[in-house]
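Contents: one structure, followed by commentary.
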Amino acid sequence: TYYGHHIYNSHVIGHRMPSHAAPRPYGSMDNQLPPEPHAPEVSPRAPEVSGGTDMSGLPEVSGAPEMQQTVNVSRVYFGVMFDAGSTGTRVHIYKFIQKDPVALPVLDNEMYHAVKPGLSAYADKPDMGGDTIRQLLKVAKKTVPKSEWKQTPVILKATAGLRLLPEEKARALLDEVKEVFEESPFFVPNNSVSLMNGTNEGVLAWVTVNFLTGHLYAKTRKTVGILDLGGGSTQITFLPKSKKTVHTAPPSYIARFNLFNSTYELYTHSYLGNGLVAARLATLGALGADGLDWKVFTSSCLPKKFREDWTFGGLTYKVSGVPDGYAGYKLCYYEVMRVVKGVVHQPYEVKGSSIFYAFSYYYDRAVESGLIDGSRGGVVEVRDFKKKAKEVCNKMTKYRPISPFLCMDMTYITCLLKEGFGFKDSTVLQLAKKINNAETSWALGATFDHFNNFNIH
Ligand SMILES: O=c1ccn([C@@H]2O[C@H](COP(=O)(O)OP(=O)(O)O)[C@@H](O)[C@H]2O)c(=O)[nH]1
């Protein structure tokens, strides 16, 4: 379940600035900005995390503060990134501070707001989809000072929900969003509204997480991997330690890009149709099926007496448990296995000791099932998902009020991690919704990409 319609204003790191006095970013950040007369040429550089109190574990900012005073005016600028996901649309409004043109920007603040359902639910009424964007733009107008509107870029990237739609329907929705953007007082860069490919989705989430955890500054090149489980697609991305991982992967699973003076080569892939909600449909045999009016899709992952009309992506499915039949973990595991086996590639070194951050539905389901505490996130092992899945499936009535799909979801997550990616039971996963008060999502990485052009290929 997506916790939609909530709004919060998270103060990420200190250094608030009176933004009315703030000039625009410049140098490499002018990629998509209107021309600025006094912009000096500066080469691309890394963002910086300030040594704020809640940044424990992060590397120190390079150079003493007095050495960073070559420019005595801090520059504040904003970026507005829309995430048009399969289960909802969200806006991230970032406030950055550039203390020094050649130093790293600081992410000062993120405002986040989400609505449900996602754009794909408006496949046949794009104008109504456009209204959801208008609603979110209002939040952006309230958050970004008026004096900054004209130079603040608004960008929307759509993921699996639109990838799964017929091309002309996705196009109509994106065209509608572009028109809504053009009506707004914000800066609408070229290509501001697009369907993002899975490679970029994986890479940009990796950039976000490694930026927020401070791994992009260290010279050591120690980084963390990411596991993102959306509604329609799922991504795995990490920096391989072993050349063999690169050589044994399908060529399209290796992405190269330039990030702040370094070139990175990542293992990344997005599995379309393997997001949590799409996987439910596939498990039920309902993905792409006809006869939705009369067919009832059954599964031993659902409570025996459960029967419901369930709507996703604009279509309604009749789903139920196996009446007078069996339900439980073992049978359910065999069912979800069909969605994973022969579909998901096992990277050579995933059995190693790297740390993975897991978020989106990995996090949501871990909270709902009681595996972790929602207010804190937490560290779990793959075996903990398995243990909890067994418990949920074998006590379906107890967990029924939380969600009738919890057994299916937890079993799918276990199967994806073990049988799919090939993780060991002892692999450690860091579950997070936010890191240092910023949302764990590709949206921050995509905002950096807009300003710095990583040239992902
Ligand atoms: O900033 C964000 C963006 C997404 N999500 C989570 O992402 C999942 C949904 O993914 P989405 O609808 O984007 O699916 P996709 O289209 O990527 O398959 C849900 O668990 C949301 O809680 C989130 O927590 N914060």
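Labels for the structure tokens follow display order: chains A, B, ..., residues from 1 in each chain, ligands from 1.
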Enumerate as a short mmCIF file (atom, residue, chain, number, x, y, z; two decimals) with N, CA and C atoms, in the first residue's frame the residues within 6 Å of ligand 1, counting only C-alpha atoms and all ligand atoms.
data_model
loop_
_atom_site.label_atom_id
_atom_site.label_comp_id
_atom_site.auth_asym_id
_atom_site.auth_seq_id
_atom_site.Cartn_x
_atom_site.Cartn_y
_atom_site.Cartn_z
N TYR A 2 0.52 2.16 -0.82
CA TYR A 2 1.29 3.38 -0.83
C TYR A 2 0.66 4.38 0.14
N GLY A 85 4.98 7.17 -11.08
CA GLY A 85 5.14 5.73 -10.87
C GLY A 85 3.86 4.97 -11.19
N SER A 86 3.94 3.65 -11.15
CA SER A 86 2.77 2.86 -11.52
C SER A 86 1.67 2.92 -10.46
N THR A 87 2.05 3.19 -9.21
CA THR A 87 1.04 3.19 -8.15
C THR A 87 0.71 4.59 -7.62
N GLY A 88 1.44 5.60 -8.09
CA GLY A 88 1.17 6.95 -7.62
C GLY A 88 2.08 7.96 -8.31
N THR A 159 7.74 5.90 -15.01
CA THR A 159 8.38 4.59 -14.94
C THR A 159 7.42 3.49 -15.42
N ALA A 160 7.43 2.37 -14.71
CA ALA A 160 6.78 1.16 -15.22
C ALA A 160 5.31 1.31 -15.63
N GLY A 161 4.55 2.11 -14.92
CA GLY A 161 3.13 2.26 -15.24
C GLY A 161 2.93 2.67 -16.69
N GLY A 230 9.30 -1.54 -7.10
CA GLY A 230 8.14 -0.70 -7.39
C GLY A 230 6.91 -1.56 -7.60
N GLY A 231 5.85 -0.92 -8.13
CA GLY A 231 4.64 -1.66 -8.41
C GLY A 231 4.75 -2.45 -9.71
N GLY A 232 5.34 -1.83 -10.74
CA GLY A 232 5.43 -2.46 -12.05
C GLY A 232 6.78 -3.09 -12.34
N SER A 233 7.86 -2.48 -11.85
CA SER A 233 9.19 -3.00 -12.15
C SER A 233 10.06 -3.01 -10.89
N GLY A 275 7.68 -5.87 -10.70
CA GLY A 275 7.34 -5.05 -9.54
C GLY A 275 6.31 -5.82 -8.72
N SER A 360 11.37 1.22 -1.21
CA SER A 360 10.04 1.12 -1.83
C SER A 360 9.24 -0.02 -1.17
N TYR A 361 8.74 -0.96 -1.96
CA TYR A 361 7.89 -1.99 -1.37
C TYR A 361 8.65 -2.97 -0.48
N ASP A 364 8.09 -1.03 2.67
CA ASP A 364 6.67 -0.98 3.07
C ASP A 364 6.20 -2.32 3.62
N LYS A 433 13.31 4.10 4.17
CA LYS A 433 12.34 4.92 3.40
C LYS A 433 13.01 6.26 3.11
N GLU A 439 14.02 11.41 0.79
CA GLU A 439 13.33 10.22 0.30
C GLU A 439 14.28 9.35 -0.52
N SER A 441 14.84 7.39 -3.38
CA SER A 441 14.14 7.30 -4.67
C SER A 441 15.12 7.76 -5.75
#
Within 8 Å of region 186-201 of chain A, counting only C-alpha atoms, which residues show up once you throw out same-chain ones fewer than 5 positions away? Write them as a PyMOL selection string, please.
chain A and resi 32-33+149-159+162-163+174-175+177-178+181+235+253+255+268-271+442+456
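CA of Thr414 (chain A) lies 5.5 Å from CA of Lys386 (chain A).
Each of A:Arg221, A:Arg376, A:Lys434, A:Arg338 was checked against Glu419 (chain A) using only C-alpha atoms; the smallest atom-to-atom distance is that of A:Arg338.
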Residue contacts of Ala438 (chain A) (9 Å, only C-alpha atoms) excluding same-chain residues fewer than 2 positions away, as a count of residues only:
16
